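**Student:** For reference, the file model-v7.txt (compact mmCIF, C-alpha atoms) is included below:
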```
# COMPACT_ATOMS: atom_id res chain seq x y z
CA MET A 1 -134.56 141.07 -88.16
CA THR A 2 -134.18 140.65 -91.94
CA PRO A 3 -136.06 137.89 -93.76
CA LEU A 4 -132.82 136.10 -94.70
CA LEU A 5 -131.59 136.08 -91.11
CA GLY A 6 -135.02 134.82 -90.12
CA GLU A 7 -134.65 131.87 -92.50
CA VAL A 8 -131.17 131.10 -91.14
CA LEU A 9 -132.37 131.11 -87.54
CA GLY A 10 -135.62 129.33 -88.27
CA THR A 11 -133.96 126.47 -90.12
CA MET A 12 -131.28 126.27 -87.43
CA ILE A 13 -133.99 125.88 -84.77
CA LEU A 14 -135.68 123.19 -86.87
CA ILE A 15 -132.49 121.13 -87.10
CA ILE A 16 -131.58 121.59 -83.43
CA PHE A 17 -134.92 120.09 -82.43
CA GLY A 18 -135.13 117.53 -85.25
CA GLY A 19 -131.52 116.38 -85.37
CA GLY A 20 -131.42 116.56 -81.60
CA VAL A 21 -134.32 114.18 -81.11
CA VAL A 22 -132.79 111.69 -83.55
CA ALA A 23 -129.47 111.90 -81.70
CA GLY A 24 -131.22 111.32 -78.40
CA VAL A 25 -132.90 108.19 -79.74
CA VAL A 26 -130.05 106.55 -81.68
CA LEU A 27 -126.83 107.50 -79.86
CA LYS A 28 -125.50 105.29 -77.08
CA HIS A 29 -125.89 106.24 -73.42
CA SER A 30 -128.47 108.93 -74.16
CA LYS A 31 -131.33 108.92 -71.67
CA ALA A 32 -133.71 108.83 -74.65
CA GLU A 33 -131.93 105.90 -76.33
CA ALA A 34 -134.22 103.50 -78.24
CA SER A 35 -137.37 105.49 -77.45
CA GLY A 36 -138.62 104.99 -81.00
CA TRP A 37 -140.10 106.44 -84.14
CA ILE A 38 -143.03 108.20 -82.49
CA VAL A 39 -140.62 110.22 -80.34
CA ILE A 40 -138.61 111.17 -83.43
CA THR A 41 -141.64 112.27 -85.44
CA PHE A 42 -143.04 114.24 -82.51
CA GLY A 43 -139.69 115.99 -82.03
CA TRP A 44 -139.57 117.01 -85.69
CA GLY A 45 -143.16 118.27 -85.52
CA MET A 46 -142.42 120.42 -82.49
CA GLY A 47 -139.22 121.63 -84.14
CA VAL A 48 -141.20 122.97 -87.08
CA THR A 49 -143.71 124.57 -84.71
CA MET A 50 -141.04 126.36 -82.68
CA ALA A 51 -139.21 127.53 -85.80
CA ILE A 52 -142.39 129.07 -87.22
CA TYR A 53 -143.23 130.77 -83.93
CA ALA A 54 -139.71 132.18 -83.76
CA VAL A 55 -139.32 133.69 -87.24
CA GLY A 56 -142.70 133.55 -88.98
CA GLN A 57 -143.28 137.27 -88.50
CA PHE A 58 -139.94 138.13 -90.11
CA SER A 59 -139.58 135.78 -93.09
CA GLY A 60 -142.79 133.79 -93.33
CA ALA A 61 -140.82 130.82 -91.93
CA HIS A 62 -140.45 128.85 -95.13
CA ILE A 63 -137.47 126.97 -93.57
CA ASN A 64 -137.59 124.64 -96.59
CA PRO A 65 -136.48 125.25 -100.21
CA ALA A 66 -139.33 123.05 -101.44
CA VAL A 67 -141.84 125.39 -99.77
CA THR A 68 -140.07 128.49 -101.11
CA ILE A 69 -140.01 127.14 -104.68
CA ALA A 70 -143.62 125.93 -104.39
CA LEU A 71 -144.76 129.41 -103.37
CA ALA A 72 -142.76 130.95 -106.22
CA THR A 73 -144.16 128.44 -108.69
CA ASN A 74 -147.77 129.28 -107.87
CA GLY A 75 -147.08 133.03 -107.84
CA GLU A 76 -147.17 133.76 -104.10
CA PHE A 77 -143.44 134.53 -103.74
CA PRO A 78 -141.07 136.42 -106.09
CA TRP A 79 -138.52 134.27 -107.92
CA SER A 80 -135.88 136.94 -107.38
CA ARG A 81 -135.88 136.16 -103.65
CA VAL A 82 -135.67 132.37 -104.03
CA PRO A 83 -131.84 132.03 -104.23
CA GLY A 84 -131.29 134.08 -101.07
CA TYR A 85 -133.92 132.12 -99.14
CA VAL A 86 -132.52 128.76 -100.24
CA LEU A 87 -128.95 129.68 -99.30
CA ALA A 88 -130.13 131.00 -95.93
CA GLN A 89 -131.99 127.75 -95.27
CA LEU A 90 -128.94 125.64 -96.16
CA LEU A 91 -126.74 127.74 -93.89
CA GLY A 92 -129.22 127.50 -91.02
CA ALA A 93 -129.48 123.73 -91.40
CA PHE A 94 -125.69 123.40 -91.39
CA ILE A 95 -125.36 125.52 -88.24
CA GLY A 96 -128.12 123.56 -86.52
CA ALA A 97 -126.33 120.28 -87.27
CA VAL A 98 -123.10 121.63 -85.79
CA VAL A 99 -124.98 122.57 -82.61
CA VAL A 100 -126.39 119.04 -82.34
CA TRP A 101 -122.90 117.58 -82.81
CA LEU A 102 -121.54 119.75 -80.02
CA HIS A 103 -124.46 119.03 -77.71
CA TYR A 104 -124.00 115.25 -77.98
CA TYR A 105 -120.21 115.44 -78.23
CA PRO A 106 -119.23 112.55 -75.87
CA HIS A 107 -121.89 110.24 -77.32
CA TRP A 108 -120.34 109.95 -80.79
CA GLU A 109 -117.34 108.05 -79.50
CA LYS A 110 -119.56 105.70 -77.49
CA THR A 111 -121.67 104.86 -80.54
CA GLU A 112 -120.15 102.27 -82.88
CA ASN A 113 -122.95 102.21 -85.45
CA GLN A 114 -121.88 104.52 -88.29
CA ALA A 115 -125.33 104.46 -89.91
CA ALA A 116 -126.89 105.67 -86.66
CA LYS A 117 -124.47 108.59 -86.56
CA LEU A 118 -125.33 109.54 -90.13
CA ALA A 119 -129.05 109.27 -89.33
CA VAL A 120 -128.68 112.18 -86.89
CA PHE A 121 -127.71 114.37 -89.83
CA SER A 122 -129.49 113.06 -92.90
CA THR A 123 -132.07 110.62 -94.20
CA ASP A 124 -131.57 107.14 -95.61
CA PRO A 125 -134.07 104.71 -97.18
CA ALA A 126 -135.33 101.71 -95.22
CA ILE A 127 -135.12 99.73 -98.49
CA SER A 128 -132.79 101.12 -101.14
CA HIS A 129 -134.84 101.33 -104.35
CA THR A 130 -134.25 104.61 -106.14
CA PRO A 131 -137.57 104.99 -108.02
CA SER A 132 -139.59 104.14 -104.90
CA ASN A 133 -137.41 106.34 -102.67
CA LEU A 134 -137.86 109.25 -105.07
CA MET A 135 -141.60 108.59 -105.22
CA SER A 136 -141.81 108.67 -101.41
CA GLU A 137 -140.10 112.05 -101.21
CA ILE A 138 -142.26 113.45 -104.02
CA ILE A 139 -145.50 112.27 -102.40
CA GLY A 140 -144.50 113.37 -98.90
CA THR A 141 -143.59 116.88 -100.04
CA PHE A 142 -146.63 117.13 -102.30
CA VAL A 143 -148.82 116.39 -99.26
CA LEU A 144 -146.78 118.84 -97.14
CA VAL A 145 -147.17 121.80 -99.51
CA LEU A 146 -150.80 121.06 -100.37
CA SER A 147 -151.65 120.82 -96.66
CA ILE A 148 -149.73 123.99 -95.70
CA LEU A 149 -151.58 125.99 -98.35
CA SER A 150 -154.88 124.47 -97.25
CA ILE A 151 -154.19 125.31 -93.60
CA GLY A 152 -153.40 128.89 -94.59
CA ALA A 153 -156.78 129.19 -96.27
CA ASN A 154 -158.62 128.55 -93.00
CA ASP A 155 -159.27 130.85 -90.06
CA PHE A 156 -157.70 129.72 -86.78
CA THR A 157 -157.36 131.32 -83.39
CA GLU A 158 -154.47 133.78 -83.56
CA GLY A 159 -151.14 132.01 -83.09
CA LEU A 160 -152.48 128.49 -83.68
CA ASN A 161 -151.24 127.97 -87.26
CA PRO A 162 -147.66 126.95 -86.30
CA LEU A 163 -148.99 124.25 -83.99
CA ILE A 164 -151.30 122.90 -86.71
CA ILE A 165 -148.38 122.73 -89.15
CA GLY A 166 -146.31 120.94 -86.50
CA LEU A 167 -149.08 118.36 -86.20
CA LEU A 168 -149.01 118.06 -90.00
CA ILE A 169 -145.30 117.16 -89.85
CA LEU A 170 -146.08 114.60 -87.15
CA ALA A 171 -148.83 113.09 -89.32
CA ILE A 172 -146.60 112.89 -92.39
CA GLY A 173 -143.86 111.25 -90.35
CA LEU A 174 -146.18 108.65 -88.84
CA SER A 175 -147.95 107.81 -92.10
CA LEU A 176 -145.39 108.37 -94.88
CA GLY A 177 -142.03 108.67 -93.12
CA GLY A 178 -141.19 105.01 -92.66
CA THR A 179 -139.81 104.54 -96.18
CA THR A 180 -137.12 107.23 -96.49
CA GLY A 181 -137.20 109.07 -93.17
CA TYR A 182 -139.28 111.84 -94.81
CA ALA A 183 -136.72 114.51 -95.60
CA ILE A 184 -139.43 116.54 -97.46
CA ASN A 185 -136.94 119.41 -97.22
CA PRO A 186 -133.72 119.67 -99.27
CA ALA A 187 -132.04 122.00 -96.74
CA ARG A 188 -132.92 119.70 -93.84
CA ASP A 189 -131.01 116.87 -95.54
CA LEU A 190 -128.24 118.54 -97.53
CA GLY A 191 -127.09 121.08 -94.91
CA PRO A 192 -126.61 118.52 -92.11
CA ARG A 193 -125.14 115.98 -94.56
CA LEU A 194 -122.47 118.55 -95.42
CA ALA A 195 -121.88 119.01 -91.69
CA HIS A 196 -121.47 115.25 -91.25
CA TRP A 197 -118.97 115.21 -94.11
CA ILE A 198 -116.93 118.12 -92.71
CA LEU A 199 -117.08 117.70 -88.93
CA PRO A 200 -114.52 115.53 -87.06
CA ILE A 201 -117.18 113.16 -85.73
CA ALA A 202 -115.63 110.29 -83.79
CA GLY A 203 -115.85 107.01 -85.72
CA LYS A 204 -118.07 108.33 -88.50
CA GLY A 205 -118.43 106.56 -91.82
CA GLY A 206 -119.26 107.90 -95.24
CA SER A 207 -121.94 110.53 -95.86
CA ASN A 208 -123.76 108.43 -98.51
CA TRP A 209 -123.50 111.00 -101.29
CA LYS A 210 -124.79 108.41 -103.75
CA TYR A 211 -128.25 108.79 -102.21
CA ALA A 212 -128.02 112.50 -101.37
CA TRP A 213 -129.69 113.71 -104.59
CA VAL A 214 -132.98 111.90 -103.80
CA PRO A 215 -133.99 114.01 -100.73
CA VAL A 216 -133.13 117.13 -102.75
CA VAL A 217 -134.75 116.43 -106.12
CA GLY A 218 -137.79 114.57 -104.76
CA PRO A 219 -138.96 117.38 -102.44
CA LEU A 220 -138.37 120.04 -105.11
CA ILE A 221 -140.56 118.15 -107.58
CA GLY A 222 -143.22 117.31 -105.00
CA GLY A 223 -143.30 120.84 -103.61
CA ALA A 224 -143.69 122.49 -107.01
CA ALA A 225 -146.38 119.97 -107.99
CA GLY A 226 -148.21 120.56 -104.71
CA GLY A 227 -148.16 124.32 -105.18
CA LEU A 228 -149.46 124.12 -108.74
CA PHE A 229 -152.06 121.55 -107.76
CA TYR A 230 -153.43 123.79 -105.03
CA ARG A 231 -153.52 126.86 -107.25
CA TYR A 232 -155.21 125.34 -110.28
CA VAL A 233 -157.44 122.74 -108.60
CA PHE A 234 -158.44 124.36 -105.29
CA ILE A 235 -158.42 127.99 -106.41
CA GLU A 236 -159.16 127.93 -110.14
CA GLY A 237 -160.96 124.58 -110.30
CA SER A 238 -159.05 123.26 -113.31
CA SER A 239 -159.24 119.53 -113.99
CA LEU A 240 -156.32 119.87 -116.41
CA ALA A 241 -154.04 120.85 -113.52
CA LEU A 242 -155.10 117.74 -111.64
CA ALA A 243 -154.07 115.59 -114.58
CA ILE A 244 -150.75 117.43 -115.00
CA ALA A 245 -149.84 117.23 -111.30
CA LEU A 246 -150.59 113.52 -111.11
CA SER A 247 -148.67 112.92 -114.34
CA VAL A 248 -145.60 114.68 -112.91
CA ILE A 249 -145.73 112.63 -109.73
CA LEU A 250 -146.10 109.34 -111.57
CA ALA A 251 -143.69 110.08 -114.42
CA CYS A 252 -140.60 110.93 -112.37
CA PRO A 253 -140.04 107.50 -110.77
CA VAL A 254 -140.74 105.82 -114.11
CA ILE A 255 -138.07 107.95 -115.79
CA VAL A 256 -135.58 107.22 -113.02
CA SER A 257 -136.36 103.50 -113.27
CA LEU A 258 -135.74 103.53 -117.01
CA PHE A 259 -132.41 105.30 -116.52
CA ALA A 260 -131.45 102.79 -113.81
CA GLN A 261 -132.27 99.85 -116.10
CA ARG A 262 -130.31 101.42 -118.95
CA ARG A 263 -127.34 102.03 -116.67
CA LYS A 264 -127.46 98.45 -115.44
CA LYS A 265 -127.57 97.18 -119.03
CA LEU A 266 -124.64 99.37 -120.07
CA HIS A 267 -122.69 98.22 -117.03
CA SER A 268 -123.32 94.56 -117.97
CA LEU A 269 -122.24 95.18 -121.56
CA SER A 270 -119.07 96.95 -120.43
CA GLU A 271 -118.11 93.92 -118.33
CA MET A 272 -118.62 91.35 -121.10
CA PRO A 273 -115.42 91.99 -123.14
CA ALA A 274 -113.28 91.92 -120.01
CA THR A 275 -114.88 88.65 -118.92
CA GLY A 276 -114.38 87.16 -122.37
CA ALA A 277 -110.72 88.17 -122.49
CA LEU A 278 -110.08 86.69 -119.07
CA GLY A 279 -111.81 83.46 -120.07
CA ALA A 280 -109.70 83.19 -123.25
CA ALA A 281 -106.50 83.86 -121.34
CA ASP A 282 -107.45 81.25 -118.77
CA ALA A 283 -108.19 78.67 -121.47
CA HIS A 284 -104.85 79.41 -123.16
CA HIS A 285 -103.06 79.04 -119.83
CA GLN A 286 -104.71 75.67 -119.17
CA GLY A 287 -103.85 74.50 -122.71
```
Have the structure of the file written as structure tokens, please.
**Tutor:**
Amino acid sequence: MTPLLGEVLGTMILIIFGGGVVAGVVLKHSKAEASGWIVITFGWGMGVTMAIYAVGQFSGAHINPAVTIALATNGEFPWSRVPGYVLAQLLGAFIGAVVVWLHYYPHWEKTENQAAKLAVFSTDPAISHTPSNLMSEIIGTFVLVLSILSIGANDFTEGLNPLIIGLLILAIGLSLGGTTGYAINPARDLGPRLAHWILPIAGKGGSNWKYAWVPVVGPLIGGAAGGLFYRYVFIEGSSLALAIALSVILACPVIVSLFAQRRKKLHSLSEMPATGALGAADAHHQG
């Protein structure tokens, strides 16, 4: 098996398990309906574990563009192979989402809640607040990459690493996942969101493209920061890297917040002339 095919199949397996457990919990008339967040996080953790067991020997089982870019950023993976890996991961995630749709085919029509249907495919914030949502994805992916690299630095019984990483995903979901649904993986969110947009899902709503950039940009920033942090702090012992990594994490939401405030201000200013003209016309009409 080629590494690219390994990434396609690995990411497909991840989404079949992960999207499948969400579908089982949120879709109507599923035997797992309403079984809760712990079931969802455990399903995602086991999905990662099974994906790594399946293709780790062929591709390294990145199954996540944030991991691939983090490894390239800290010099452990060639940049020339990054585009192929990322495209393979997106394709695998899309295929996995299609499989989940087919598996739960009669349940889509029985489920009226459009947000629940979208949740099977992609993430959505519990409270919509762009700077905080971005911060959550940055922190979650930073912890993911830092922990994966730390796990790799330890000696485990042969074959145990994938299970430990699966438990890591479970821990991140339980502790940090309640804010945005912890995408921490651009392919995991974007590939299935594309599937939701394209597939003829009974009674579906919109795919929430307005939010879709957050679970892509946030994990890419957090992953790269986590990779650099591990390299320069854990390996080279540089305090400067610690300061830079923390600055990146803290600066991004601030920048987004400033842009949001500026956009809101410009939007208010653009409405003022129209409001004034309407008021003048109304006054003239009353006169």
**Student:** Is it possible to get the residues within 12 Å of (-140.5, 125.9, -96.8) (coordinates as in the file, counting all atoms listed in the file) written as an MDAnalysis selection string?
**Tutor:** chainID A and resid 7 10:11 14 48 51:52 56 59:72 77 82 85:86 88:90 141 144:146 148:149 165 184:188 219:220 223:224 227
**Student:** Can those selected residues be exported to a file as a tab-separated table (two decimals), keeping the file's coordinate frame so that it contains C-alpha atoms?
**Tutor:**
```
chain	number	residue	atom	x	y	z
A	7	GLU	CA	-134.65	131.87	-92.50
A	10	GLY	CA	-135.62	129.33	-88.27
A	11	THR	CA	-133.96	126.47	-90.12
A	14	LEU	CA	-135.68	123.19	-86.87
A	48	VAL	CA	-141.20	122.97	-87.08
A	51	ALA	CA	-139.21	127.53	-85.80
A	52	ILE	CA	-142.39	129.07	-87.22
A	56	GLY	CA	-142.70	133.55	-88.98
A	59	SER	CA	-139.58	135.78	-93.09
A	60	GLY	CA	-142.79	133.79	-93.33
A	61	ALA	CA	-140.82	130.82	-91.93
A	62	HIS	CA	-140.45	128.85	-95.13
A	63	ILE	CA	-137.47	126.97	-93.57
A	64	ASN	CA	-137.59	124.64	-96.59
A	65	PRO	CA	-136.48	125.25	-100.21
A	66	ALA	CA	-139.33	123.05	-101.44
A	67	VAL	CA	-141.84	125.39	-99.77
A	68	THR	CA	-140.07	128.49	-101.11
A	69	ILE	CA	-140.01	127.14	-104.68
A	70	ALA	CA	-143.62	125.93	-104.39
A	71	LEU	CA	-144.76	129.41	-103.37
A	72	ALA	CA	-142.76	130.95	-106.22
A	77	PHE	CA	-143.44	134.53	-103.74
A	82	VAL	CA	-135.67	132.37	-104.03
A	85	TYR	CA	-133.92	132.12	-99.14
A	86	VAL	CA	-132.52	128.76	-100.24
A	88	ALA	CA	-130.13	131.00	-95.93
A	89	GLN	CA	-131.99	127.75	-95.27
A	90	LEU	CA	-128.94	125.64	-96.16
A	141	THR	CA	-143.59	116.88	-100.04
A	144	LEU	CA	-146.78	118.84	-97.14
A	145	VAL	CA	-147.17	121.80	-99.51
A	146	LEU	CA	-150.80	121.06	-100.37
A	148	ILE	CA	-149.73	123.99	-95.70
A	149	LEU	CA	-151.58	125.99	-98.35
A	165	ILE	CA	-148.38	122.73	-89.15
A	184	ILE	CA	-139.43	116.54	-97.46
A	185	ASN	CA	-136.94	119.41	-97.22
A	186	PRO	CA	-133.72	119.67	-99.27
A	187	ALA	CA	-132.04	122.00	-96.74
A	188	ARG	CA	-132.92	119.70	-93.84
A	219	PRO	CA	-138.96	117.38	-102.44
A	220	LEU	CA	-138.37	120.04	-105.11
A	223	GLY	CA	-143.30	120.84	-103.61
A	224	ALA	CA	-143.69	122.49	-107.01
A	227	GLY	CA	-148.16	124.32	-105.18
```
**Student:** Find, counting all atoms listed in the file, the residue in A:Ile169, A:Ile235, A:Leu134, A:Ser128 that gets nearest to A:Trp213.
**Tutor:**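 For A:Trp213, the nearest of the given residues is A:Leu134.
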**Student:** Near A:Asn133, within 10 Å and counting only C-alpha atoms, which residues show up once chain neighbours fewer than 2 positions away are dropped, as an NGL selection string?
**Tutor:** :A and (124-131 or 135-138 or 179-182 or 211 or 214-215 or 218 or 253)
**Student:** Which residue out of A:Ala34, A:Leu4, A:Val98, A:Ala171 has the minimum interatomic distance to A:Ile16 when all atoms listed in the file are used?
**Tutor:**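 Looking at the shortest contact to A:Ile16, the residue is A:Val98.
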**Student:** A:Ile95, A:Ile151, A:Leu118, A:Met50: which is nearest A:His196, counting only C-alpha atoms?
**Tutor:**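 Smallest distance to A:His196 is found for A:Leu118.
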**Student:** What is the atom CA of A:Phe229 to atom CA of A:Ala54 distance in Å?
**Tutor:**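 Distance reported for this atom pair: 29.0 Å.
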**Student:** Work out how far atom CA of A:Pro162 is from atom CA of A:Phe121, in Å to one decimal.
**Tutor:**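 Atom-to-atom, atom CA of A:Phe121 and atom CA of A:Pro162 are spaced 23.8 Å apart.
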**Student:** Considering all atoms listed in the file, state which residue in the set A:Trp197, A:Trp44, A:Tyr105, A:Trp79 is at the smallest distance from A:Ile15.
**Tutor:**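 Closest to A:Ile15, using all atoms listed in the file: A:Trp44.
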**Student:** Interatomic distance between atom CA of A:Val55 and atom CA of A:Asn154?
**Tutor:**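 Atom-to-atom, atom CA of A:Val55 to atom CA of A:Asn154, that is 20.8 Å.
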**Student:** Please identify all polymer residues within 10 Å of A:Trp37, counting all atoms listed in the file, omitting same-chain residues fewer than 3 positions from it, and present them as an MDAnalysis selection string.
**Tutor:** chainID A and resid 22 25 34 40:43 173:174 177:178 181
**Student:** Can you fill out stretch 58-75 of chain A with N, CA, C and O atoms and hand it back as a short mmCIF file (atom, residue, chain, number, x, y, z; two decimals), in the frame of the given file?
**Tutor:**
```
data_model
loop_
_atom_site.label_atom_id
_atom_site.label_comp_id
_atom_site.auth_asym_id
_atom_site.auth_seq_id
_atom_site.Cartn_x
_atom_site.Cartn_y
_atom_site.Cartn_z
N PHE A 58 -141.03 137.45 -89.40
CA PHE A 58 -139.94 138.13 -90.11
C PHE A 58 -139.76 137.64 -91.54
O PHE A 58 -139.48 138.44 -92.43
N SER A 59 -139.88 136.33 -91.76
CA SER A 59 -139.58 135.78 -93.09
C SER A 59 -140.71 134.95 -93.68
O SER A 59 -140.62 134.50 -94.82
N GLY A 60 -141.76 134.72 -92.89
CA GLY A 60 -142.79 133.79 -93.33
C GLY A 60 -142.47 132.36 -92.94
O GLY A 60 -143.28 131.47 -93.12
N ALA A 61 -141.25 132.15 -92.41
CA ALA A 61 -140.82 130.82 -91.93
C ALA A 61 -141.03 129.73 -92.97
O ALA A 61 -141.68 128.72 -92.72
N HIS A 62 -140.44 129.93 -94.15
CA HIS A 62 -140.45 128.85 -95.13
C HIS A 62 -139.64 127.66 -94.61
O HIS A 62 -140.07 126.52 -94.72
N ILE A 63 -138.44 127.94 -94.13
CA ILE A 63 -137.47 126.97 -93.57
C ILE A 63 -137.34 125.70 -94.41
O ILE A 63 -136.99 124.64 -93.89
N ASN A 64 -137.58 125.81 -95.71
CA ASN A 64 -137.59 124.64 -96.59
C ASN A 64 -137.57 125.13 -98.03
O ASN A 64 -138.51 125.81 -98.47
N PRO A 65 -136.52 124.81 -98.81
CA PRO A 65 -136.48 125.25 -100.21
C PRO A 65 -137.66 124.75 -101.04
O PRO A 65 -138.09 125.43 -101.98
N ALA A 66 -138.19 123.58 -100.69
CA ALA A 66 -139.33 123.05 -101.44
C ALA A 66 -140.55 123.94 -101.24
O ALA A 66 -141.34 124.15 -102.18
N VAL A 67 -140.73 124.48 -100.05
CA VAL A 67 -141.84 125.39 -99.77
C VAL A 67 -141.61 126.71 -100.50
O VAL A 67 -142.52 127.27 -101.12
N THR A 68 -140.39 127.23 -100.44
CA THR A 68 -140.07 128.49 -101.11
C THR A 68 -140.32 128.38 -102.61
O THR A 68 -140.95 129.26 -103.22
N ILE A 69 -139.85 127.31 -103.23
CA ILE A 69 -140.01 127.14 -104.68
C ILE A 69 -141.47 126.88 -105.02
O ILE A 69 -141.97 127.33 -106.07
N ALA A 70 -142.19 126.16 -104.15
CA ALA A 70 -143.62 125.93 -104.39
C ALA A 70 -144.39 127.24 -104.40
O ALA A 70 -145.24 127.48 -105.27
N LEU A 71 -144.08 128.11 -103.44
CA LEU A 71 -144.76 129.41 -103.37
C LEU A 71 -144.41 130.29 -104.57
O LEU A 71 -145.26 131.03 -105.09
N ALA A 72 -143.15 130.19 -105.03
CA ALA A 72 -142.76 130.95 -106.22
C ALA A 72 -143.43 130.39 -107.47
O ALA A 72 -143.86 131.14 -108.35
N THR A 73 -143.56 129.08 -107.53
CA THR A 73 -144.16 128.44 -108.69
C THR A 73 -145.63 128.82 -108.85
O THR A 73 -146.11 129.02 -109.97
N ASN A 74 -146.35 128.93 -107.73
CA ASN A 74 -147.77 129.28 -107.87
C ASN A 74 -148.02 130.78 -107.71
O ASN A 74 -149.16 131.22 -107.54
N GLY A 75 -146.93 131.58 -107.76
CA GLY A 75 -147.08 133.03 -107.84
C GLY A 75 -147.23 133.77 -106.54
O GLY A 75 -147.52 134.97 -106.54
#
```
